[in-house]
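To be precise, the following lines are target-v4.cif, and they hold mmCIF, C-alpha atoms and all ligand atoms.
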data_input
#
loop_
_atom_site.group_PDB
_atom_site.id
_atom_site.type_symbol
_atom_site.label_atom_id
_atom_site.label_comp_id
_atom_site.auth_asym_id
_atom_site.auth_seq_id
_atom_site.Cartn_x
_atom_site.Cartn_y
_atom_site.Cartn_z
ATOM 1 C CA MET E 1 0.000 0.000 0.000
ATOM 2 C CA ALA E 2 1.293 3.469 -0.846
ATOM 3 C CA ASN E 3 2.495 5.562 2.078
ATOM 4 C CA HIS E 4 0.743 8.864 1.470
ATOM 5 C CA LYS E 5 2.715 10.645 4.151
ATOM 6 C CA ILE E 6 6.024 10.345 2.279
ATOM 7 C CA ILE E 7 7.215 13.500 0.559
ATOM 8 C CA SER E 8 9.712 13.139 -2.317
ATOM 9 C CA PHE E 9 12.182 15.923 -3.117
ATOM 10 C CA VAL E 10 13.271 15.224 -6.679
ATOM 11 C CA GLY E 11 16.259 16.949 -8.272
ATOM 12 C CA SER E 12 15.906 16.443 -12.035
ATOM 13 C CA ASP E 13 15.141 18.582 -15.088
ATOM 14 C CA GLN E 14 11.475 19.115 -14.104
ATOM 15 C CA GLY E 15 9.650 20.934 -11.357
ATOM 16 C CA ALA E 16 8.300 24.224 -10.082
ATOM 17 C CA TRP E 17 11.611 25.345 -8.556
ATOM 18 C CA ASP E 18 14.681 26.383 -10.527
ATOM 19 C CA ILE E 19 17.945 25.341 -8.857
ATOM 20 C CA ALA E 20 20.159 28.437 -8.794
ATOM 21 C CA ALA E 21 23.079 26.833 -6.918
ATOM 22 C CA ILE E 22 24.084 23.755 -4.968
ATOM 23 C CA GLU E 23 26.813 24.174 -2.370
ATOM 24 C CA ARG E 24 28.436 21.432 -0.331
ATOM 25 C CA ILE E 25 28.814 22.585 3.266
ATOM 26 C CA SER E 26 30.276 19.366 4.732
ATOM 27 C CA GLY E 27 30.618 15.660 3.919
ATOM 28 C CA ASN E 28 29.901 14.096 0.530
ATOM 29 C CA PRO E 29 28.375 16.478 -2.023
ATOM 30 C CA ILE E 30 25.062 15.819 -3.758
ATOM 31 C CA ASN E 31 24.684 15.569 -7.550
ATOM 32 C CA MET E 32 23.795 18.515 -9.729
ATOM 33 C CA ALA E 33 20.234 19.014 -11.012
ATOM 34 C CA SER E 34 18.488 21.931 -12.695
ATOM 35 C CA ARG E 35 14.984 21.741 -11.198
ATOM 36 C CA LEU E 36 13.296 20.559 -8.039
ATOM 37 C CA SER E 37 9.853 19.019 -7.655
ATOM 38 C CA ILE E 38 8.266 18.260 -4.320
ATOM 39 C CA LEU E 39 5.671 15.497 -4.440
ATOM 40 C CA LYS E 40 3.487 14.220 -1.631
ATOM 41 C CA GLN E 41 4.062 10.613 -2.662
ATOM 42 C CA ASN E 42 6.724 7.920 -2.785
ATOM 43 C CA VAL E 43 8.026 8.346 -6.344
ATOM 44 C CA SER E 44 10.436 6.189 -8.351
ATOM 45 C CA PRO E 45 13.314 7.554 -10.461
ATOM 46 C CA GLY E 46 11.856 6.268 -13.764
ATOM 47 C CA GLU E 47 9.116 8.916 -13.585
ATOM 48 C CA PHE E 48 11.665 11.730 -14.154
ATOM 49 C CA GLY E 49 14.311 12.738 -16.667
ATOM 50 C CA ASN E 50 17.964 13.275 -15.647
ATOM 51 C CA VAL E 51 17.476 12.506 -11.966
ATOM 52 C CA GLY E 52 20.309 13.769 -9.753
ATOM 53 C CA TRP E 53 18.730 12.662 -6.471
ATOM 54 C CA ILE E 54 15.474 11.802 -4.755
ATOM 55 C CA PHE E 55 15.254 12.491 -1.028
ATOM 56 C CA LYS E 56 12.298 11.029 0.879
ATOM 57 C CA ALA E 57 11.031 12.471 4.130
ATOM 58 C CA VAL E 58 8.009 12.834 6.381
ATOM 59 C CA ILE E 59 6.622 15.660 8.483
ATOM 60 C CA SER E 60 6.927 14.336 12.015
ATOM 61 C CA ASN E 61 6.190 15.431 15.578
ATOM 62 C CA ILE E 62 8.363 17.931 17.418
ATOM 63 C CA ARG E 63 11.155 16.573 19.627
ATOM 64 C CA TYR E 64 12.806 19.406 21.527
ATOM 65 C CA THR E 65 10.441 22.384 21.487
ATOM 66 C CA THR E 66 8.881 23.327 24.840
ATOM 67 C CA ARG E 67 5.280 24.528 25.210
ATOM 68 C CA SER E 68 6.296 28.165 25.658
ATOM 69 C CA GLU E 69 8.629 28.029 22.632
ATOM 70 C CA LYS E 70 5.882 26.442 20.526
ATOM 71 C CA THR E 71 3.424 29.148 21.521
ATOM 72 C CA GLU E 72 5.917 31.791 20.350
ATOM 73 C CA LEU E 73 6.729 29.899 17.132
ATOM 74 C CA ASP E 74 3.026 29.541 16.304
ATOM 75 C CA ARG E 75 2.380 33.206 17.084
ATOM 76 C CA ASP E 76 5.239 34.662 14.995
ATOM 77 C CA GLY E 77 5.610 32.122 12.187
ATOM 78 C CA ARG E 78 3.973 32.535 8.782
ATOM 79 C CA GLY E 79 3.094 29.663 6.502
ATOM 80 C CA LEU E 80 4.869 28.682 3.288
ATOM 81 C CA ASN E 81 3.694 29.915 -0.126
ATOM 82 C CA GLN E 82 3.396 33.604 0.712
ATOM 83 C CA PRO E 83 3.052 35.649 -2.499
ATOM 84 C CA GLU E 84 6.344 37.545 -1.934
ATOM 85 C CA PHE E 85 8.385 34.365 -1.272
ATOM 86 C CA ASP E 86 10.342 34.013 -4.517
ATOM 87 C CA CYS E 87 13.323 32.167 -2.920
ATOM 88 C CA ALA E 88 13.608 28.834 -1.192
ATOM 89 C CA VAL E 89 16.496 26.871 0.273
ATOM 90 C CA MET E 90 16.551 23.127 0.833
ATOM 91 C CA ILE E 91 19.239 21.948 3.247
ATOM 92 C CA PRO E 92 19.670 18.173 3.675
ATOM 93 C CA ILE E 93 21.499 17.418 6.935
ATOM 94 C CA LYS E 94 22.965 14.288 8.528
ATOM 95 C CA LYS E 95 24.089 14.106 12.160
ATOM 96 C CA SER E 96 26.717 11.825 13.696
ATOM 97 C CA ASP E 97 26.334 8.482 15.487
ATOM 98 C CA THR E 98 27.419 10.323 18.653
ATOM 99 C CA TRP E 99 24.384 12.621 18.321
ATOM 100 C CA TRP E 100 21.999 9.715 17.897
ATOM 101 C CA ALA E 101 23.575 7.789 20.784
ATOM 102 C CA MET E 102 22.657 10.604 23.175
ATOM 103 C CA THR E 103 19.413 10.688 25.134
ATOM 104 C CA GLN E 104 16.608 13.121 24.320
ATOM 105 C CA ASP E 105 17.485 15.425 27.247
ATOM 106 C CA GLU E 106 21.185 15.442 26.284
ATOM 107 C CA ARG E 107 20.283 16.380 22.684
ATOM 108 C CA ARG E 108 17.888 19.099 23.847
ATOM 109 C CA LYS E 109 20.699 20.569 25.994
ATOM 110 C CA VAL E 110 23.058 20.830 22.993
ATOM 111 C CA PHE E 111 20.279 21.988 20.639
ATOM 112 C CA GLU E 112 18.858 24.755 22.804
ATOM 113 C CA GLU E 113 20.666 25.411 26.098
ATOM 114 C CA ASP E 114 24.125 25.340 24.432
ATOM 115 C CA SER E 115 23.310 26.394 20.841
ATOM 116 C CA ARG E 116 20.141 28.487 21.283
ATOM 117 C CA HIS E 117 18.788 27.168 17.962
ATOM 118 C CA ILE E 118 15.209 28.267 18.694
ATOM 119 C CA ALA E 119 15.925 31.455 20.666
ATOM 120 C CA MET E 120 18.423 32.692 18.086
ATOM 121 C CA SER E 121 16.209 31.808 15.065
ATOM 122 C CA MET E 122 12.989 33.243 16.478
ATOM 123 C CA PRO E 123 13.606 36.855 15.280
ATOM 124 C CA TYR E 124 13.748 35.568 11.674
ATOM 125 C CA LEU E 125 10.271 34.048 11.827
ATOM 126 C CA PRO E 126 8.292 37.045 10.527
ATOM 127 C CA PHE E 127 10.091 36.867 7.156
ATOM 128 C CA ILE E 128 11.493 33.311 6.860
ATOM 129 C CA SER E 129 9.007 30.413 6.770
ATOM 130 C CA ARG E 130 10.197 26.893 7.415
ATOM 131 C CA GLN E 131 9.252 23.242 7.384
ATOM 132 C CA LEU E 132 11.349 20.514 8.960
ATOM 133 C CA HIS E 133 11.166 17.023 7.396
ATOM 134 C CA HIS E 134 12.557 13.862 8.997
ATOM 135 C CA SER E 135 14.275 11.166 6.902
ATOM 136 C CA ARG E 136 16.360 9.119 9.340
ATOM 137 C CA ASP E 137 13.686 6.542 10.163
ATOM 138 C CA LEU E 138 13.132 5.924 6.437
ATOM 139 C CA GLY E 139 16.774 4.753 6.137
ATOM 140 C CA GLU E 140 17.642 7.710 3.910
ATOM 141 C CA GLU E 141 21.152 9.103 3.370
ATOM 142 C CA PHE E 142 20.238 12.332 5.219
ATOM 143 C CA ASP E 143 18.486 12.587 8.603
ATOM 144 C CA PHE E 144 16.610 15.809 7.798
ATOM 145 C CA ILE E 145 15.446 17.724 4.755
ATOM 146 C CA THR E 146 14.994 21.301 5.940
ATOM 147 C CA TRP E 147 13.019 23.739 3.793
ATOM 148 C CA PHE E 148 12.888 27.549 3.981
ATOM 149 C CA GLU E 149 11.008 30.163 1.944
ATOM 150 C CA PHE E 150 11.523 33.924 1.976
ATOM 151 C CA SER E 151 11.654 36.989 -0.258
ATOM 152 C CA SER E 152 14.932 37.692 -2.109
ATOM 153 C CA VAL E 153 15.092 40.915 -0.053
ATOM 154 C CA HIS E 154 15.946 38.732 2.955
ATOM 155 C CA VAL E 155 18.603 36.499 1.426
ATOM 156 C CA HIS E 156 21.409 38.126 3.476
ATOM 157 C CA ALA E 157 19.463 37.665 6.707
ATOM 158 C CA PHE E 158 19.058 33.986 5.826
ATOM 159 C CA ASP E 159 22.823 33.674 5.142
ATOM 160 C CA LYS E 160 23.577 35.260 8.528
ATOM 161 C CA LEU E 161 21.241 32.835 10.314
ATOM 162 C CA CYS E 162 22.925 29.846 8.636
ATOM 163 C CA SER E 163 26.424 31.016 9.485
ATOM 164 C CA THR E 164 25.455 31.581 13.143
ATOM 165 C CA LEU E 165 23.879 28.107 13.388
ATOM 166 C CA ARG E 166 26.933 26.526 11.734
ATOM 167 C CA ARG E 167 29.209 27.979 14.425
ATOM 168 C CA SER E 168 27.051 26.504 17.214
ATOM 169 C CA LYS E 169 27.765 23.403 19.305
ATOM 170 C CA GLU E 170 24.866 21.604 17.602
ATOM 171 C CA TRP E 171 26.709 21.772 14.263
ATOM 172 C CA GLU E 172 29.711 19.890 15.745
ATOM 173 C CA PHE E 173 27.407 16.868 15.321
ATOM 174 C CA VAL E 174 26.578 17.574 11.650
ATOM 175 C CA THR E 175 28.534 15.202 9.405
ATOM 176 C CA ARG E 176 26.969 16.000 6.033
ATOM 177 C CA GLU E 177 25.199 19.095 4.745
ATOM 178 C CA SER E 178 24.470 20.646 1.363
ATOM 179 C CA GLU E 179 22.602 23.788 0.492
ATOM 180 C CA VAL E 180 20.272 23.938 -2.527
ATOM 181 C CA ARG E 181 19.286 27.509 -3.471
ATOM 182 C CA LEU E 182 16.043 27.809 -5.427
ATOM 183 C CA ARG E 183 13.934 30.301 -7.315
ATOM 184 C CA ARG E 184 10.223 29.801 -7.846
ATOM 185 C CA ILE E 185 9.409 29.447 -11.548
ATOM 186 C CA VAL E 186 6.736 31.984 -12.404
ATOM 187 C CA VAL E 187 4.579 30.855 -15.332
HETATM 188 C C1 LIG Z 1 13.388 30.801 11.022
HETATM 189 C C2 LIG Z 1 14.469 30.149 11.407
HETATM 190 C C3 LIG Z 1 14.415 28.843 12.167
HETATM 191 C C4 LIG Z 1 13.600 28.479 13.191
HETATM 192 C C5 LIG Z 1 12.510 29.312 13.864
HETATM 193 C C6 LIG Z 1 13.935 27.111 13.553
HETATM 194 C C7 LIG Z 1 13.312 26.390 14.543
HETATM 195 C C8 LIG Z 1 13.508 25.058 14.792
HETATM 196 C C9 LIG Z 1 12.831 24.288 15.799
HETATM 197 C C10 LIG Z 1 11.734 24.819 16.720
HETATM 198 C C11 LIG Z 1 13.301 23.023 15.746
HETATM 199 C C12 LIG Z 1 12.970 21.867 16.694
HETATM 200 C C13 LIG Z 1 11.847 20.992 16.241
HETATM 201 C C14 LIG Z 1 11.609 19.921 17.323
HETATM 202 O O1 LIG Z 1 11.238 20.289 18.452
HETATM 203 O O2 LIG Z 1 11.790 18.735 17.013
HETATM 204 C C15 LIG Z 1 14.296 22.985 14.699
HETATM 205 C C16 LIG Z 1 14.984 21.858 14.310
HETATM 206 C C17 LIG Z 1 15.912 21.837 13.310
HETATM 207 N N1 LIG Z 1 16.353 22.899 12.562
HETATM 208 FE FE1 LIG Z 1 15.753 24.817 12.736
HETATM 209 N N2 LIG Z 1 14.980 26.678 12.761
HETATM 210 C C18 LIG Z 1 15.301 27.699 11.914
HETATM 211 C C19 LIG Z 1 16.305 27.685 10.963
HETATM 212 C C20 LIG Z 1 17.090 26.613 10.667
HETATM 213 C C21 LIG Z 1 18.136 26.596 9.661
HETATM 214 C C22 LIG Z 1 18.543 27.800 8.802
HETATM 215 C C23 LIG Z 1 18.638 25.332 9.624
HETATM 216 C C24 LIG Z 1 19.741 24.770 8.764
HETATM 217 C C25 LIG Z 1 20.812 25.462 8.381
HETATM 218 C C26 LIG Z 1 17.891 24.549 10.587
HETATM 219 C C27 LIG Z 1 18.052 23.206 10.814
HETATM 220 C C28 LIG Z 1 17.318 22.451 11.699
HETATM 221 C C29 LIG Z 1 17.495 21.022 11.887
HETATM 222 C C30 LIG Z 1 18.455 20.108 11.131
HETATM 223 C C31 LIG Z 1 16.600 20.650 12.880
HETATM 224 C C32 LIG Z 1 16.420 19.232 13.453
HETATM 225 C C33 LIG Z 1 17.324 19.082 14.633
HETATM 226 C C34 LIG Z 1 17.234 17.710 15.279
HETATM 227 O O3 LIG Z 1 16.125 17.177 15.435
HETATM 228 O O4 LIG Z 1 18.310 17.170 15.602
HETATM 229 N N3 LIG Z 1 16.988 25.356 11.215
HETATM 230 N N4 LIG Z 1 14.412 24.229 14.144
#
What is this file in structure tokens?
Ligand code: HEM
Amino acid sequence: MANHKIISFVGSDQGAWDIAAIERISGNPINMASRLSILKQNVSPGEFGNVGWIFKAVISNIRYTTRSEKTELDRDGRGLNQPEFDCAVMIPIKKSDTWWAMTQDERRKVFEEDSRHIAMSMPYLPFISRQLHHSRDLGEEFDFITWFEFSSVHVHAFDKLCSTLRRSKEWEFVTRESEVRLRRIVV
């Protein structure tokens, strides 16, 4: 039976997003592709031309966010697909065995008390929308497919956020990361 919760991120020569650049941040790079399609189904490579990669993921429950943080995130966050959001960034991330060997409370400590992932990102919420996707339990090559949308006016703010996160303690546990910069194709 088809798993309708699986989302496929397909890098090929088709799709609603134009790939402007792919940058390897750490670990093995990903292949080149010219377009991205996001499909809410478990696709197979034969359905596309010139496939560079297909990453599968699901939208899962939160792990580390507290009630008060969630209330703030829900209050300040905007959804995806805002009319002025012409840019998107997809960042596949893998974390180390050491990260996954830790307990939930140990990971939360690194994620928030040491790295301030949520507190530091919160000010960006009014103009950067996000969706976290989990891949690890599907046996995929990345643990997460992160997705961000914003207006091109805010590209430098997004870059600053990424460089701050990448200097944090949490990122000492990131073993593989690539950044796919996208532009919405307007038809
Ligand atoms: C608007 C900016 C951002 C906000 C508000 C934000 C917020 C969050 C929150 C609340 C979580 C925890 C979800 C949970 O409780 O399970 C999370 C997880 C995560 N975020 Fe962000 N984030 C932002 C930007 C970023 C960026 C730019 C990256 C990548 C460069 C990133 C990568 C991740 C990853 C990989 C996780 C999963 C961590 C794990 O479960 O080990 N985030 N983010």
Give me the residues near range 142-153 of chain E as a PyMOL selection string, where near means some atom within 8 Å (using all atoms listed in the file) and where sequence neighbours in that chain fewer than 2 positions away do not count. chain E and resi 55+57+80-81+84-95+127-137+140+155-156+176
Please return as a list in words the residues found within 6 Å of ligand LIG 1 (chain Z), counting all atoms listed in the file. Ile62, Arg63, Tyr64, Thr65, Ile93, Ile118, Ser121, Met122, Tyr124, Leu125, Ile128, Phe144, Leu161 and Cys162 of chain E
Same residues, C-alpha atoms, saved as a PDB file, in the coordinates of the input:
ATOM      1  CA  ILE E  62       8.363  17.931  17.418  1.00  0.00           C
ATOM      2  CA  ARG E  63      11.155  16.573  19.627  1.00  0.00           C
ATOM      3  CA  TYR E  64      12.806  19.406  21.527  1.00  0.00           C
ATOM      4  CA  THR E  65      10.441  22.384  21.487  1.00  0.00           C
ATOM      5  CA  ILE E  93      21.499  17.418   6.935  1.00  0.00           C
ATOM      6  CA  ILE E 118      15.209  28.267  18.694  1.00  0.00           C
ATOM      7  CA  SER E 121      16.209  31.808  15.065  1.00  0.00           C
ATOM      8  CA  MET E 122      12.989  33.243  16.478  1.00  0.00           C
ATOM      9  CA  TYR E 124      13.748  35.568  11.674  1.00  0.00           C
ATOM     10  CA  LEU E 125      10.271  34.048  11.827  1.00  0.00           C
ATOM     11  CA  ILE E 128      11.493  33.311   6.860  1.00  0.00           C
ATOM     12  CA  PHE E 144      16.610  15.809   7.798  1.00  0.00           C
ATOM     13  CA  LEU E 161      21.241  32.835  10.314  1.00  0.00           C
ATOM     14  CA  CYS E 162      22.925  29.846   8.636  1.00  0.00           C
TER      15      CYS E 162
END
So which residues get picked by the PyMOL selection byres (((chain E and resi 99) around 12) and not hetatm) here, written as number ranges by chain? E: 94-98, 100-111, 143, 169-175
Leaving out Asp18 in chain E and any residue of its chain fewer than 6 positions from it, which residues lie within 10 Å of it when counting all atoms listed in the file, given as a PyMOL selection string? chain E and resi 11+33-37+87-88+181-186
CA of Ala16 in chain E to CA of Asn28 in chain E, distance in Å rounded to a single decimal: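 CA of Ala16 in chain E sits 26.1 Å away from CA of Asn28 in chain E.
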Nearest to Glu112 in chain E: which of E:Lys160, E:Thr66, E:Leu39, E:Gly27 is it, counting only C-alpha atoms?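 Between E:Lys160, E:Thr66, E:Leu39, E:Gly27, the residue approaching Glu112 in chain E most closely is E:Thr66.
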Grab the CA of Val43 in chain E to CA of Ala20 in chain E distance for me, in Å with one decimal place.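 Distance between the two atoms: 23.6 Å.
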Enclose range 140-158 of chain E, meaning all of its atoms listed in the file, in a box aligned along x, y and z, pad it by 4 Å on each side, and list the centre and edge lengths in Å to one decimal, as AutoDock Vina command-line options.
--center_x 16.2 --center_y 24.3 --center_z 3.2 --size_x 18.4 --size_y 41.2 --size_z 18.7
Could you state the separation of CA of Phe158 in chain E and CA of Val51 in chain E in Å, given to one decimal place? 27.9 Å
Residue among E:Val10, E:Met120, E:Ile38, E:Ile19 lying closest to Ile54 in chain E, counting all atoms listed in the file: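 Smallest distance to Ile54 in chain E is found for E:Val10.
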